[in-house]
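Asker: Compact mmCIF, C-alpha atoms and all ligand atoms, saved as work-v2.txt, coming up:
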# COMPACT_ATOMS: atom_id res chain seq x y z
CA MET A 1 58.68 82.82 25.82
CA ARG A 2 56.15 85.61 26.26
CA ALA A 3 54.82 85.83 29.81
CA PRO A 4 51.70 83.65 30.18
CA PRO A 5 48.59 85.01 31.92
CA ALA A 6 49.09 85.35 35.68
CA ARG A 7 46.48 82.75 36.47
CA ARG A 8 48.30 80.09 34.51
CA THR A 9 51.65 80.95 36.03
CA ASN A 10 50.04 80.58 39.44
CA LEU A 11 48.51 77.23 38.55
CA ALA A 12 51.79 75.97 37.11
CA LEU A 13 53.61 77.10 40.23
CA LEU A 14 51.06 75.36 42.44
CA ALA A 15 51.45 72.14 40.43
CA ALA A 16 55.25 72.35 40.67
CA LEU A 17 55.09 73.01 44.41
CA LEU A 18 52.75 70.06 45.00
CA LEU A 19 55.08 67.83 43.00
CA ALA A 20 58.10 69.18 44.88
CA PHE A 21 56.44 68.50 48.21
CA ALA A 22 55.30 64.97 47.31
CA THR A 23 58.66 63.99 45.85
CA GLY A 24 60.44 65.66 48.78
CA ALA A 25 58.53 63.46 51.22
CA GLY A 26 59.33 60.52 48.93
CA ALA A 27 63.02 61.42 48.89
CA VAL A 28 63.09 61.41 52.69
CA ALA A 29 61.60 57.90 52.67
CA ALA A 30 63.74 56.49 49.84
CA GLY A 31 66.40 54.07 51.01
CA SER A 32 67.12 51.72 48.15
CA SER A 33 68.15 52.55 44.65
CA PRO A 34 64.76 52.63 42.84
CA GLY A 35 64.16 55.61 45.12
CA ARG A 36 66.70 57.54 43.08
CA TRP A 37 63.93 58.42 40.59
CA VAL A 38 61.94 60.11 43.31
CA VAL A 39 65.01 62.13 44.25
CA ILE A 40 65.60 63.11 40.61
CA ALA A 41 61.93 64.08 40.23
CA HIS A 42 62.35 66.25 43.31
CA GLY A 43 65.25 68.07 41.67
CA LEU A 44 63.18 68.57 38.51
CA ALA A 45 60.21 69.92 40.46
CA GLY A 46 62.49 72.33 42.33
CA LEU A 47 64.09 73.60 39.13
CA THR A 48 60.64 74.05 37.57
CA VAL A 49 59.78 76.33 40.48
CA VAL A 50 63.02 78.24 39.80
CA LEU A 51 62.05 78.66 36.13
CA LEU A 52 58.69 80.12 37.14
CA VAL A 53 60.30 82.70 39.42
CA PRO A 54 60.68 85.47 36.76
CA TRP A 55 57.00 85.25 35.80
CA LYS A 56 55.86 84.99 39.36
CA SER A 57 57.99 88.02 40.29
CA ARG A 58 55.99 90.16 37.85
CA ILE A 59 52.77 88.99 39.49
CA ILE A 60 54.16 89.73 42.93
CA ARG A 61 55.31 93.22 41.88
CA ARG A 62 51.88 94.00 40.54
CA GLY A 63 50.25 92.61 43.67
CA LEU A 64 52.41 94.78 45.89
CA GLN A 65 51.16 97.92 44.17
CA ARG A 66 47.74 97.20 45.59
CA ALA A 67 47.91 97.29 49.37
CA ARG A 68 46.08 94.09 50.07
CA ARG A 69 45.64 92.46 53.43
CA GLY A 70 48.01 89.62 54.08
CA ARG A 71 50.85 91.09 52.06
CA TRP A 72 53.33 90.41 54.86
CA ALA A 73 52.30 86.80 55.01
CA SER A 74 52.73 86.62 51.24
CA LEU A 75 56.19 88.13 51.48
CA LEU A 76 57.11 85.70 54.26
CA LEU A 77 55.93 82.89 52.00
CA ALA A 78 58.15 84.20 49.22
CA ALA A 79 61.09 84.40 51.62
CA LEU A 80 60.54 80.83 52.85
CA ALA A 81 60.19 79.57 49.28
CA SER A 82 63.47 81.28 48.37
CA ALA A 83 65.16 79.82 51.44
CA THR A 84 63.88 76.35 50.52
CA LEU A 85 65.19 76.66 46.96
CA LEU A 86 68.55 78.09 48.00
CA THR A 87 69.19 75.51 50.73
CA GLY A 88 68.05 72.72 48.38
CA ILE A 89 70.32 73.81 45.55
CA GLY A 90 73.14 74.62 47.99
CA TYR A 91 73.01 71.14 49.50
CA ALA A 92 72.60 69.32 46.18
CA THR A 93 75.58 71.04 44.60
CA GLY A 94 77.61 71.06 47.79
CA MET A 95 78.17 74.84 47.50
CA VAL A 96 76.41 75.51 50.83
CA ARG A 97 76.23 72.46 53.05
CA SER A 98 75.56 74.19 56.34
CA ALA A 99 74.67 77.59 57.76
CA SER A 100 75.88 78.62 61.22
CA GLY A 101 76.58 75.01 62.08
CA VAL A 102 73.15 73.73 61.02
CA ARG A 103 73.10 71.10 58.31
CA GLY A 104 71.68 72.47 55.05
CA MET A 105 69.34 69.53 54.56
CA TRP A 106 67.76 70.24 57.91
CA LEU A 107 67.24 73.90 56.96
CA HIS A 108 65.77 72.84 53.61
CA VAL A 109 63.20 70.57 55.27
CA ALA A 110 62.42 73.09 58.04
CA ALA A 111 61.83 75.94 55.57
CA ALA A 112 59.67 73.67 53.38
CA LEU A 113 57.53 72.56 56.32
CA LEU A 114 57.10 76.13 57.57
CA LEU A 115 55.91 77.31 54.19
CA VAL A 116 53.17 74.67 53.93
CA PRO A 117 50.57 76.43 56.14
CA LEU A 118 51.36 79.76 54.49
CA ALA A 119 51.04 78.24 51.03
CA ILE A 120 47.66 76.72 51.92
CA TRP A 121 46.48 80.09 53.26
CA HIS A 122 47.77 81.83 50.13
CA VAL A 123 45.97 79.46 47.78
CA LEU A 124 42.72 79.89 49.73
CA ALA A 125 43.03 83.68 50.04
CA ARG A 126 44.05 84.26 46.42
CA PRO A 127 42.38 81.43 44.56
CA ALA A 128 43.29 80.87 40.92
CA ARG A 129 40.35 78.93 39.57
CA PRO A 130 41.23 76.47 36.84
CA ARG A 131 39.19 76.80 33.64
CA GLY A 132 38.37 74.29 30.95
CA THR A 133 40.65 76.12 28.53
CA ASP A 134 43.58 75.51 30.88
CA LEU A 135 43.81 72.09 29.30
CA SER A 136 44.04 73.50 25.79
CA ARG A 137 46.69 72.24 23.40
CA ARG A 138 48.60 75.44 23.83
CA THR A 139 48.85 75.10 27.61
CA LEU A 140 49.89 71.50 27.36
CA LEU A 141 52.61 72.46 24.89
CA ARG A 142 53.77 75.17 27.27
CA ALA A 143 53.83 72.70 30.15
CA ALA A 144 55.83 70.27 28.04
CA ALA A 145 58.24 73.06 27.11
CA LEU A 146 58.61 74.00 30.76
CA GLY A 147 59.30 70.38 31.67
CA THR A 148 61.89 70.08 28.92
CA VAL A 149 63.68 73.25 29.95
CA SER A 150 63.81 72.14 33.59
CA ALA A 151 65.17 68.75 32.53
CA GLY A 152 67.84 70.60 30.53
CA LEU A 153 68.62 72.78 33.52
CA TYR A 154 68.85 69.66 35.69
CA VAL A 155 71.31 67.98 33.35
CA ALA A 156 73.32 71.21 33.06
CA THR A 157 73.50 71.62 36.85
CA ALA A 158 74.46 67.98 37.36
CA SER A 159 77.20 68.33 34.70
CA VAL A 160 78.62 71.47 36.30
CA VAL A 161 78.66 69.70 39.68
CA ARG A 162 80.40 66.68 38.21
CA LEU A 163 82.87 68.38 35.85
CA GLY A 164 83.60 71.15 38.31
CA GLY A 165 84.37 68.57 40.98
CA LEU A 166 81.91 70.21 43.40
CA PRO A 167 81.25 68.27 46.62
CA GLY A 168 77.73 67.51 45.37
CA ALA A 169 79.27 64.99 42.95
CA ARG A 170 80.14 62.74 45.87
CA ARG A 171 76.60 62.37 47.14
CA ARG A 172 74.75 59.11 47.38
CA PHE A 173 71.61 58.76 45.23
CA THR A 174 69.56 59.86 48.25
CA GLY A 175 71.44 63.15 48.31
CA SER A 176 73.44 62.31 51.46
CA TYR A 177 77.14 63.01 52.04
CA GLU A 178 79.48 60.39 53.51
CA THR A 179 80.38 61.08 57.15
CA GLY A 180 82.30 58.80 59.49
CA SER A 181 82.37 55.54 57.54
CA PHE A 182 84.17 52.71 59.40
CA ASP A 183 84.61 55.02 62.36
CA PRO A 184 81.47 54.88 64.53
CA ASP A 185 82.93 57.47 66.91
CA SER A 186 82.90 60.12 64.21
CA MET A 187 79.48 59.16 62.90
CA PRO A 188 76.81 61.68 64.00
CA ASN A 189 74.39 60.78 66.79
CA THR A 190 71.02 61.48 65.32
CA ILE A 191 67.62 61.88 66.88
CA TRP A 192 64.58 61.82 64.62
CA LEU A 193 62.52 64.42 66.47
CA ASP A 194 62.47 64.69 70.22
CA ASP A 195 63.89 61.45 71.60
CA SER A 196 66.87 61.45 73.95
CA THR A 197 69.56 58.97 74.88
CA PRO A 198 68.30 56.87 77.81
CA ARG A 199 70.51 55.63 80.61
CA ILE A 200 70.43 51.85 80.39
CA ASP A 201 71.89 49.45 82.94
CA PRO A 202 73.35 46.58 80.90
CA ASP A 203 72.92 44.16 83.83
CA THR A 204 69.19 44.58 84.22
CA TRP A 205 68.39 45.34 80.56
CA ARG A 206 66.49 42.59 78.71
CA LEU A 207 65.32 42.17 75.13
CA VAL A 208 61.75 40.88 75.03
CA VAL A 209 61.04 38.72 71.98
CA ALA A 210 57.32 38.16 71.37
CA ASP A 211 56.25 35.83 68.56
CA GLY A 212 52.53 36.39 68.83
CA GLN A 213 51.94 33.52 71.23
CA ASP A 214 54.72 33.53 73.78
CA GLU A 215 57.40 35.89 74.78
CA HIS A 216 60.82 35.37 76.22
CA GLU A 217 63.68 37.52 77.43
CA LEU A 218 67.32 37.67 76.46
CA SER A 219 70.08 39.32 78.43
CA LEU A 220 73.03 41.13 76.92
CA ASP A 221 75.18 38.09 77.77
CA ASP A 222 72.79 35.86 75.85
CA LEU A 223 73.09 38.15 72.84
CA ALA A 224 76.89 38.29 73.06
CA ALA A 225 76.89 34.68 71.84
CA PHE A 226 75.88 35.83 68.35
CA ASP A 227 78.37 37.41 66.03
CA VAL A 228 76.89 37.75 62.61
CA HIS A 229 78.56 40.55 60.60
CA VAL A 230 76.82 42.89 58.23
CA ARG A 231 78.54 45.69 56.32
CA THR A 232 75.96 48.24 55.31
CA ILE A 233 75.06 51.89 55.00
CA LEU A 234 73.13 53.97 57.50
CA ASP A 235 71.63 56.88 55.54
CA CYS A 236 70.02 59.60 57.63
CA THR A 237 67.36 61.88 56.14
CA GLY A 238 69.40 64.70 57.69
CA GLY A 239 71.72 64.35 54.69
CA TRP A 240 74.62 62.16 55.82
CA TYR A 241 75.44 58.50 55.45
CA ALA A 242 78.06 56.12 56.82
CA GLN A 243 79.11 52.60 56.07
CA GLN A 244 79.93 50.43 59.10
CA ASP A 245 80.61 46.86 60.06
CA TRP A 246 77.81 45.84 62.36
CA THR A 247 77.78 42.75 64.56
CA GLY A 248 74.85 41.12 66.27
CA VAL A 249 71.99 38.70 65.87
CA PRO A 250 69.73 38.34 62.81
CA VAL A 251 66.09 38.85 63.72
CA SER A 252 65.26 35.67 61.81
CA THR A 253 67.42 33.73 64.28
CA LEU A 254 65.33 35.01 67.18
CA LEU A 255 62.06 34.60 65.28
CA PRO A 256 62.53 31.62 62.94
CA SER A 257 58.89 31.40 61.95
CA THR A 258 56.52 34.29 61.38
CA GLY A 259 53.25 32.32 61.18
CA ASP A 260 50.38 34.58 60.21
CA ALA A 261 52.12 37.73 61.39
CA ARG A 262 52.19 40.64 58.98
CA SER A 263 54.56 42.97 60.77
CA LEU A 264 57.30 43.17 63.33
CA GLN A 265 57.03 45.97 65.82
CA VAL A 266 60.36 47.11 67.23
CA ARG A 267 60.23 49.27 70.31
CA SER A 268 62.90 51.38 71.92
CA ALA A 269 63.31 51.87 75.65
CA THR A 270 62.35 55.48 74.93
CA GLY A 271 58.99 54.57 73.39
CA TYR A 272 60.13 55.26 69.80
CA SER A 273 58.83 52.42 67.67
CA ILE A 274 58.66 51.24 64.08
CA ARG A 275 56.70 48.52 62.33
CA PHE A 276 58.56 46.48 59.69
CA PRO A 277 56.93 44.29 57.03
CA VAL A 278 57.58 40.61 57.85
CA ASP A 279 59.31 40.33 54.49
CA ASP A 280 62.10 42.46 55.98
CA LEU A 281 62.91 39.90 58.66
CA ASP A 282 65.55 38.14 56.57
CA ARG A 283 67.54 41.34 56.27
CA LEU A 284 67.17 42.79 59.76
CA LEU A 285 69.99 42.58 62.25
CA LEU A 286 69.92 43.54 65.91
CA ALA A 287 73.40 44.90 66.47
CA THR A 288 75.31 45.02 69.72
CA ARG A 289 78.52 46.25 68.10
CA ALA A 290 79.72 48.67 65.44
CA GLY A 291 83.25 48.51 64.08
CA GLY A 292 83.92 45.61 66.46
CA LYS A 293 83.23 47.67 69.59
CA PRO A 294 80.10 47.80 71.74
CA LEU A 295 77.65 50.49 70.63
CA SER A 296 78.12 53.88 72.25
CA PRO A 297 75.09 55.17 74.21
CA GLY A 298 74.37 57.66 71.42
CA HIS A 299 74.41 54.96 68.76
CA GLY A 300 71.90 52.79 70.61
CA PHE A 301 73.65 50.84 73.38
CA PRO A 302 72.96 48.06 74.14
CA LEU A 303 71.03 47.04 71.02
CA ARG A 304 69.91 48.67 67.80
CA VAL A 305 68.29 47.79 64.50
CA VAL A 306 70.41 47.53 61.35
CA ALA A 307 68.03 47.70 58.39
CA PRO A 308 69.93 47.52 55.07
CA GLY A 309 68.18 49.51 52.35
CA ARG A 310 66.04 51.47 54.79
CA ARG A 311 66.56 55.10 55.79
CA GLY A 312 67.99 55.98 59.20
CA PHE A 313 64.71 56.50 61.02
CA TRP A 314 63.96 52.76 60.70
CA TRP A 315 67.16 51.91 62.57
CA VAL A 316 65.59 51.92 66.05
CA LYS A 317 68.13 52.48 68.83
CA TRP A 318 67.95 51.22 72.44
CA VAL A 319 65.73 48.32 71.39
CA GLU A 320 63.95 46.56 74.25
CA ARG A 321 61.13 44.70 72.56
CA ILE A 322 60.43 43.05 69.22
CA GLU A 323 57.00 41.64 68.56
CA LEU A 324 55.33 39.85 65.64
CA GLN A 325 51.85 41.22 65.06
CA ALA A 326 48.88 40.69 62.77
CA THR A 327 48.73 44.42 62.01
CA PRO A 328 49.95 45.33 58.51
CA TRP A 329 53.19 47.28 58.52
CA TRP A 330 51.71 50.25 56.66
CA LEU A 331 49.29 50.91 59.50
CA GLN A 332 51.61 53.54 60.94
CA PRO A 333 52.33 57.17 60.11
CA PRO A 334 54.71 57.43 57.10
CA PHE A 335 57.28 58.98 59.44
CA PRO A 336 57.61 58.49 63.22
CA LEU A 337 55.77 61.15 65.22
CA THR A 338 58.15 61.25 68.16
N1 LIG B 1 64.95 55.32 69.64
C1 LIG B 1 65.36 56.04 68.59
N2 LIG B 1 65.99 55.43 67.57
C2 LIG B 1 66.42 56.14 66.51
C3 LIG B 1 66.21 57.54 66.44
C4 LIG B 1 65.53 58.18 67.52
O1 LIG B 1 65.31 59.39 67.53
N3 LIG B 1 65.13 57.39 68.57
N4 LIG B 1 66.67 58.26 65.33
C5 LIG B 1 66.81 57.50 64.10
C6 LIG B 1 67.48 58.24 63.05
S1 LIG B 1 66.63 59.52 62.36
C7 LIG B 1 68.71 57.87 62.56
S2 LIG B 1 69.39 58.61 61.20
C8 LIG B 1 69.52 56.85 63.21
C9 LIG B 1 70.84 57.48 63.58
O2 LIG B 1 71.68 56.58 64.19
P1 LIG B 1 72.99 57.09 64.93
O3 LIG B 1 72.57 58.15 65.93
O4 LIG B 1 73.58 55.89 65.55
O5 LIG B 1 73.87 57.69 63.89
O6 LIG B 1 68.90 56.34 64.39
C10 LIG B 1 67.50 56.15 64.30
N5 LIG B 1 67.05 55.49 65.49
MO MO B 2 67.89 60.31 60.60
Would it be possible to restate this file's structure as structure tokens?
Answerer:
Amino acid sequence: MRAPPARRTNLALLAALLLAFATGAGAVAAGSSPGRWVVIAHGLAGLTVVLLVPWKSRIIRRGLQRARRGRWASLLLAALASATLLTGIGYATGMVRSASGVRGMWLHVAAALLLVPLAIWHVLARPARPRGTDLSRRTLLRAAALGTVSAGLYVATASVVRLGGLPGARRRFTGSYETGSFDPDSMPNTIWLDDSTPRIDPDTWRLVVADGQDEHELSLDDLAAFDVHVRTILDCTGGWYAQQDWTGVPVSTLLPSTGDARSLQVRSATGYSIRFPVDDLDRLLLATRAGGKPLSPGHGFPLRVVAPGRRGFWWVKWVERIELQATPWWLQPPFPLT
């Protein structure tokens, strides 16, 4: 294809980046298998950005010939975008899964988040104003061609990964690699943002169960009486997953009727908290054991959430209070803020 006008390349790149960012956030949230489409769309958006690189490089080279203010910020943006693409492709294929001990998925997300403010600045400082003719038949055909080529590139990459037996072929649909299944001791201890493992005295620790009217407390001994088993997968957005046998008490046993409640708030001794839709109650387990042994402090001793089909950040550790509330579950930030 002949190079399109710079303005259209820039608009296409902006569209691809917005799609990549939205689907990236979606991929982090996806826990059950319909979410696979979001993850695939994320791969397509990323490869579309890759396809636009040659055209964008020409624009950048021309731009660099004029000494404009903000060129260093623009170059930093380009570097972060490259780092995001390389870590994304490296992790997806399994070619580069970590760099100096840091998990590639973490680097991918960090680079993507750092580039957001720069990208916003760049769009404001070098605006490419859309025109009516941007929606001409010709542009739409070009966009369709671009989409088709990136789909082809996606299929080709996936085939190379599969046929070449690259580690990427063993990923779950979320993109995570298996780590420490059926061996809780070798499963990573993961903190969402800035939490830390609290010191909890099992003798004085209580679980407070609040049903909207009353509340009551359960000791660890009380909870030891329950031994419902659930085998399920914990899938961290940091790019690993593990299957374990969890033992504990179903939330629906502790809260048999939900009344008018719309959500269940689960709070950790650290203050970390998550709001579940009441429809989740049938599936939620409060686990005291993993692999038949009491939870380690890092994995949430004495009590943690097991939420089949939900990503790791829903699996609140060090639980000390569960409470039915009238508040809808979606009245919370899409991701925990601490
Ligand atoms: N209180 C609390 N619970 C938490 C977190 C946290 O930071 N604080 N991290 C969550 C995240 S991101 C994941 S992936 C799982 C990890 O569980 P693990 O450390 O037992 O592997 O715990 C979740 N529960
Ligand atoms: Mo996580």
Asker: Measure the distance from atom CA of A:Arg170 to atom CA of A:Ala307 in Å and round it to one decimal.
Answerer: 23.0 Å
Asker: Ranking A:Pro198, A:Glu217, A:Val208, A:Arg283 by minimum distance to A:Pro297 and counting only C-alpha atoms, which one comes first?
Answerer: A:Pro198
Asker: Using all atoms listed in the file, what are the residues with an atom within 12 Å of ligand MO 2 (chain B), set out as number ranges by chain?
Answerer: A: 28-29, 31, 105-106, 176, 187-195, 234-242, 299, 310-317, 335-336
Asker: Could you tell me how far atom CA of A:Pro127 lies from atom CA of A:Thr139, in Å and to one decimal?
Answerer: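 That distance, rounded to one decimal, is 19.2 Å.
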Asker: Which residues are close to A:Ser150, i.e. within 10 Å by only C-alpha atoms, leaving aside same-chain residues fewer than 4 positions away? Reply as a PyMOL selection string.
Answerer: chain A and resi 43-51+144-146+154-156
Asker: For A:Ala128, please output as a PyMOL selection string all residues within 7 Å (counting all atoms listed in the file; exclusion window: fewer than 2 positions along the same chain).
Answerer: chain A and resi 7+10-11+126+130
Asker: If I take atom CA of A:Gly271 and atom CA of A:Leu286, how far is one from the other in Å, to one decimal?
Answerer: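 That distance, rounded to one decimal, is 17.2 Å.
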Asker: Of the candidates A:Trp318, A:Phe226, A:Trp121, A:Trp330, which shows the shortest atom-to-atom distance to A:Arg275, using only C-alpha atoms?
Answerer: A:Trp330
Asker: When distances are computed from all atoms listed in the file, which of A:Asp134, A:Ala119, A:Ser186, A:Pro302 shows the smallest separation from A:Asp201?
Answerer: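 Going through A:Asp134, A:Ala119, A:Ser186, A:Pro302 one by one, the smallest distance to A:Asp201 is for A:Pro302.
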Asker: Of the candidates A:Leu13, A:Leu19, A:Ala269, A:Leu285, which one gets nearest to A:Phe301 if we count all atoms listed in the file?
Answerer: A:Ala269
Asker: Using all atoms listed in the file, find the one residue out of A:Gly212, A:Gly300, A:Gly292, A:Gly104 that sits nearest to ligand LIG 1 (chain B).
Answerer: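 Using all atoms listed in the file, ligand LIG 1 (chain B) sits closest to A:Gly300.
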Asker: Find the residues around A:Asp221 up to 10 Å (all atoms listed in the file counted), leave out those fewer than 2 positions away in its own chain, and share them as a PDB file with C-alpha atoms, keeping the file's coordinate frame.
Answerer:
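Dumped to result25.pdb:
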ATOM      1  CA  PRO A 202      73.350  46.580  80.900  1.00  0.00           C
ATOM      2  CA  ASP A 203      72.920  44.160  83.830  1.00  0.00           C
ATOM      3  CA  ARG A 206      66.490  42.590  78.710  1.00  0.00           C
ATOM      4  CA  LEU A 218      67.320  37.670  76.460  1.00  0.00           C
ATOM      5  CA  SER A 219      70.080  39.320  78.430  1.00  0.00           C
ATOM      6  CA  LEU A 223      73.090  38.150  72.840  1.00  0.00           C
ATOM      7  CA  ALA A 224      76.890  38.290  73.060  1.00  0.00           C
ATOM      8  CA  ALA A 225      76.890  34.680  71.840  1.00  0.00           C
ATOM      9  CA  PHE A 226      75.880  35.830  68.350  1.00  0.00           C
TER      10      PHE A 226
END
Asker: Set the distance at 8 Å and use all atoms listed in the file: which residues neighbour stretch 80-97 of chain A once local chain neighbours fewer than 3 positions away are removed? I'd like the list as a count of residues only.
Answerer: 21
Asker: Using all atoms listed in the file, which protein or nucleic acid residues come within 10 Å of A:Ile60? Drop anything in the same chain fewer than 6 positions from it, and give the result as a tab-separated table (two decimals) with C-alpha atoms, keeping the file's coordinate frame.
Answerer:
chain	number	residue	atom	x	y	z
A	6	ALA	CA	49.09	85.35	35.68
A	53	VAL	CA	60.30	82.70	39.42
A	54	PRO	CA	60.68	85.47	36.76
A	71	ARG	CA	50.85	91.09	52.06
A	74	SER	CA	52.73	86.62	51.24
A	75	LEU	CA	56.19	88.13	51.48
A	78	ALA	CA	58.15	84.20	49.22
